[in-house]
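Below: one structure, written as structure tokens.
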Amino acid sequence: MEFPTTEWPTAHPAAAGFDPSALNDAIQYAIDTEIDWPEDVSALVARDDPPPFNRTFGPTKPRGSANGLVIRHGRQIASWGDPSRVDMTFSATKSYLSTCAGLAYDDGLIDHLDAPVANSITSTWFDDANAEITWRHLLQQTSEWAGTLFDIPDTVDHNRAVGRDSGAFDTDAVKGEERRRKAPGTFWEYNDVRVNLLGAALLKLWRRPLAELIAARVMQPIGATTRWQWHPYDHAYLGIDGLRMPSVPGGGHWGGGLWISANDHARFGHLFLNRGVWNGRRLLSKAWIDAATTPCPINPAYGFMWWLNPNSATWQTRDDAFAAMGAGGNLVAVIPEHDLVIVTRWAGDPNGVINRVLEAAR
């Protein structure tokens, strides 16, 4: 179906196959269980990091209230709060960063995901002990890259708790405590320094700011607004072709990252639901969508910076569901079984919201 430039077509829940009462209950649950974060989220940024890294390196923005929307069959079925409000989205940014790699893959700038990054760009980041790191390693968070990027060492996120239920961790380890490095591809760790390295490597590869790239190749074609922003850290710039270009992070761990509305998130999610096609125009290859949502062998709940649903363990739907997910209850869930995209912002229990919406779907 054709989508308008600025607004989703709408449909009544019953006409879209929902139990209206159950859907209303799901929305009320999202509102009633809003996350208990303060309005000033800067107080939470990097709070668990060892000094002197427990501070902001980029801008932050006061958060809004719980909001979100439900899209089914390409029509808006429900919304709550103010889904037009632009907010920080924390690690949901990672799925956008991954998409910048997907565009490079589709264009042939990355000839093989298992090729060393050093084959594509020239940088001391991938000399010596880091020379074997591949694009796949960076995308799956299994690179084990060692070094310092923009004055932040990779050790800051050693032993980080995110994803430890995958069974890939020493659960007694302390975050920020340096551990022995393992071979690339053999250990999964949620490490924002290494994620930001992917952003820097892609900037070197594209030789243009990633925000400009994804605006031209994805966000403009899908009819997103121009209100979203992708903020770098204050000092995260590279000199390329005589120009000073921002190297954007994959989240808001130290501030910055993607600031965007639920409405624009939903368009991005729907592009992936429709396997890379928008209004009959292919923006991303099906091969990339398939690769990005293939489970990492070490952590089957993770793809190329998309969270997955192995054995239907997280969401009550098939295991082909996936989501962009960030702190603060920021989530863009793509549910192929029900032709659904569900966006939550500032939800205290985002997975609970998703499962309640799924229970309302018929």
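A note on labels: chains of the structure tokens are A, B, ... as shown, every chain counts residues from 1, and ligands are counted from 1 in their shown order.
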Interface rows for stretch 170-228 of chain A against stretch 126-135 of chain A: nearest pair, Å to one decimal, 10 Å, only C-alpha atoms, as a tab-separated table:
residue	atom	partner	partner_atom	distance
A:Ala183	CA	A:Glu132	CA	9.0
A:Pro184	CA	A:Ile133	CA	6.1
A:Gly185	CA	A:Ile133	CA	8.1
A:Leu198	CA	A:Trp135	CA	8.1
A:Ala201	CA	A:Trp135	CA	9.5
A:Leu202	CA	A:Trp135	CA	9.9
Could you write out that same residue set with N, CA and C atoms as a CSV table (one decimal), in the first residue's frame?
chain,number,residue,atom,x,y,z
A,183,ALA,N,39.4,-14.2,22.0
A,183,ALA,CA,39.6,-14.1,20.6
A,183,ALA,C,38.3,-13.4,20.0
A,184,PRO,N,38.4,-12.6,18.9
A,184,PRO,CA,37.3,-12.0,18.3
A,184,PRO,C,36.3,-13.1,17.8
A,185,GLY,N,35.0,-12.9,18.1
A,185,GLY,CA,34.0,-13.9,17.6
A,185,GLY,C,33.7,-15.0,18.6
A,198,LEU,N,32.2,1.0,15.7
A,198,LEU,CA,31.6,0.7,14.4
A,198,LEU,C,31.1,2.0,13.7
A,201,ALA,N,34.2,3.6,12.2
A,201,ALA,CA,34.7,2.9,11.1
A,201,ALA,C,33.8,3.2,9.9
A,202,LEU,N,32.5,3.2,10.1
A,202,LEU,CA,31.5,3.5,9.0
A,202,LEU,C,31.7,4.9,8.5
Residues within 7 Å of stretch 297-314 of chain A, only C-alpha atoms, excluding chain neighbours under 2 positions, as a PDB file with N, CA and C atoms, in the first residue's frame:
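The resulting out_4.pdb:
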ATOM      1  N   LYS A  94      21.200   1.882  18.085  1.00  0.00           N
ATOM      2  CA  LYS A  94      22.091   0.874  17.512  1.00  0.00           C
ATOM      3  C   LYS A  94      21.517   0.261  16.243  1.00  0.00           C
ATOM      4  N   SER A  95      20.202   0.099  16.176  1.00  0.00           N
ATOM      5  CA  SER A  95      19.597  -0.492  14.980  1.00  0.00           C
ATOM      6  C   SER A  95      19.719   0.449  13.784  1.00  0.00           C
ATOM      7  N   SER A  98      23.403   0.072  12.716  1.00  0.00           N
ATOM      8  CA  SER A  98      23.505  -1.167  11.947  1.00  0.00           C
ATOM      9  C   SER A  98      23.014  -0.963  10.519  1.00  0.00           C
ATOM     10  N   LEU A 139      29.186  -5.850  14.392  1.00  0.00           N
ATOM     11  CA  LEU A 139      27.728  -5.796  14.342  1.00  0.00           C
ATOM     12  C   LEU A 139      27.069  -6.697  15.375  1.00  0.00           C
ATOM     13  N   GLN A 140      27.712  -7.799  15.708  1.00  0.00           N
ATOM     14  CA  GLN A 140      27.143  -8.729  16.687  1.00  0.00           C
ATOM     15  C   GLN A 140      27.661  -8.493  18.108  1.00  0.00           C
ATOM     16  N   SER A 166      21.890 -14.448  28.566  1.00  0.00           N
ATOM     17  CA  SER A 166      22.192 -15.279  27.402  1.00  0.00           C
ATOM     18  C   SER A 166      23.084 -16.462  27.772  1.00  0.00           C
ATOM     19  N   ALA A 168      26.293 -16.182  28.337  1.00  0.00           N
ATOM     20  CA  ALA A 168      27.636 -15.967  27.782  1.00  0.00           C
ATOM     21  C   ALA A 168      28.560 -15.249  28.755  1.00  0.00           C
ATOM     22  N   PHE A 187      33.231 -14.303  22.150  1.00  0.00           N
ATOM     23  CA  PHE A 187      32.644 -13.797  23.391  1.00  0.00           C
ATOM     24  C   PHE A 187      31.737 -12.622  23.067  1.00  0.00           C
ATOM     25  N   TRP A 188      30.544 -12.619  23.650  1.00  0.00           N
ATOM     26  CA  TRP A 188      29.574 -11.541  23.422  1.00  0.00           C
ATOM     27  C   TRP A 188      29.557 -10.602  24.614  1.00  0.00           C
ATOM     28  N   ALA A 292      20.686  -9.182   9.277  1.00  0.00           N
ATOM     29  CA  ALA A 292      20.577  -8.374  10.488  1.00  0.00           C
ATOM     30  C   ALA A 292      19.724  -9.041  11.557  1.00  0.00           C
ATOM     31  N   THR A 293      18.816  -9.915  11.147  1.00  0.00           N
ATOM     32  CA  THR A 293      17.910 -10.561  12.102  1.00  0.00           C
ATOM     33  C   THR A 293      18.227 -12.046  12.284  1.00  0.00           C
ATOM     34  N   THR A 294      19.417 -12.451  11.889  1.00  0.00           N
ATOM     35  CA  THR A 294      19.886 -13.820  12.131  1.00  0.00           C
ATOM     36  C   THR A 294      20.557 -13.872  13.500  1.00  0.00           C
ATOM     37  N   PRO A 295      20.236 -14.842  14.343  1.00  0.00           N
ATOM     38  CA  PRO A 295      20.802 -14.892  15.692  1.00  0.00           C
ATOM     39  C   PRO A 295      22.317 -15.042  15.686  1.00  0.00           C
ATOM     40  N   GLN A 316       5.190 -12.893  23.047  1.00  0.00           N
ATOM     41  CA  GLN A 316       4.289 -14.018  22.812  1.00  0.00           C
ATOM     42  C   GLN A 316       3.869 -14.077  21.346  1.00  0.00           C
ATOM     43  N   THR A 317       4.852 -14.343  20.526  1.00  0.00           N
ATOM     44  CA  THR A 317       4.640 -14.456  19.093  1.00  0.00           C
ATOM     45  C   THR A 317       5.755 -15.335  18.546  1.00  0.00           C
ATOM     46  N   ARG A 318       5.807 -15.517  17.242  1.00  0.00           N
ATOM     47  CA  ARG A 318       6.823 -16.383  16.658  1.00  0.00           C
ATOM     48  C   ARG A 318       8.225 -15.856  16.932  1.00  0.00           C
ATOM     49  N   ASP A 319       9.199 -16.719  16.694  1.00  0.00           N
ATOM     50  CA  ASP A 319      10.581 -16.320  16.972  1.00  0.00           C
ATOM     51  C   ASP A 319      11.173 -15.441  15.881  1.00  0.00           C
ATOM     52  N   ASP A 320      10.367 -15.027  14.886  1.00  0.00           N
ATOM     53  CA  ASP A 320      10.880 -14.097  13.877  1.00  0.00           C
ATOM     54  C   ASP A 320      10.638 -12.640  14.252  1.00  0.00           C
ATOM     55  N   ALA A 321      10.090 -12.370  15.427  1.00  0.00           N
ATOM     56  CA  ALA A 321       9.929 -11.000  15.896  1.00  0.00           C
ATOM     57  C   ALA A 321      11.286 -10.427  16.307  1.00  0.00           C
ATOM     58  N   PHE A 322      11.435  -9.122  16.187  1.00  0.00           N
ATOM     59  CA  PHE A 322      12.690  -8.475  16.576  1.00  0.00           C
ATOM     60  C   PHE A 322      12.412  -7.030  16.956  1.00  0.00           C
ATOM     61  N   ALA A 323      13.385  -6.395  17.605  1.00  0.00           N
ATOM     62  CA  ALA A 323      13.138  -5.042  18.094  1.00  0.00           C
ATOM     63  C   ALA A 323      14.416  -4.246  18.224  1.00  0.00           C
ATOM     64  N   ALA A 324      14.285  -2.941  17.975  1.00  0.00           N
ATOM     65  CA  ALA A 324      15.291  -1.965  18.391  1.00  0.00           C
ATOM     66  C   ALA A 324      14.945  -1.606  19.822  1.00  0.00           C
ATOM     67  N   MET A 325      15.918  -1.674  20.717  1.00  0.00           N
ATOM     68  CA  MET A 325      15.611  -1.542  22.127  1.00  0.00           C
ATOM     69  C   MET A 325      16.638  -0.676  22.829  1.00  0.00           C
TER      70      MET A 325
END
I'd like to know which of A:Asp107, A:Asp40, A:Asp349, A:Asp339 is closest to A:Gly17, using only C-alpha atoms.
A:Asp339
Using DSSP secondary structure from the backbone, list all strand (DSSP E or B) positions within stretch 191-359 of chain A, as JSON, numbers by chain.
{"A": [229, 230, 231, 237, 238, 239, 240, 243, 244, 245, 246, 253, 255, 257, 258, 259, 260, 277, 278, 281, 282, 302, 307, 308, 322, 323, 324, 325, 326, 330, 331, 332, 333, 334, 335, 340, 341, 342, 343, 344, 345, 347]}
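Distances here use only C-alpha atoms; by that measure, the residue among A:His73, A:Val218, A:His265, A:Lys204 closest to A:Ile121 is A:Lys204.
With only C-alpha atoms as the atoms that count, the minimum distance from A:Asn24 to the choices A:Arg179, A:His112, A:Cys100, A:Ala78 is reached by A:Ala78.
When atom CA of A:Thr142 is paired with atom CA of A:Glu189, their separation reads 6.4 Å.
In this model, the gap between atom CA of A:Ile342 and atom CA of A:Leu69 comes to 6.0 Å.
Proximity ranking of A:Trp145, A:Trp230, A:Tyr190, A:Phe53 relative to A:Val162 places A:Tyr190 first, based on only C-alpha atoms.
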From A:Leu109, A:Met88, A:Ala11, A:Leu197, residue lying nearest A:Ser123 [only C-alpha atoms]
A:Leu197
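In this model, the gap between atom CA of A:Ile31 and atom CA of A:Gly348 comes to 9.2 Å.
Between A:Gly352 and the residues A:Ile214, A:Ala30, A:Ala291, A:Ala146, the shortest atom-to-atom distance, using only C-alpha atoms, involves A:Ala30.
By chain and then residue number, the residues within 8 Å of A:Thr60 are Val41, Ser42, Met88, Gly255 and Gly256 of chain A, counting only C-alpha atoms and disregarding those fewer than 4 positions away in sequence.
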So that I can check the secondary structure, give me every residue of stretch 12-85 of chain A assigned helix (DSSP H, G or I) by backbone DSSP, as an MDAnalysis selection string.
chainID A and resid 20:32 41:43
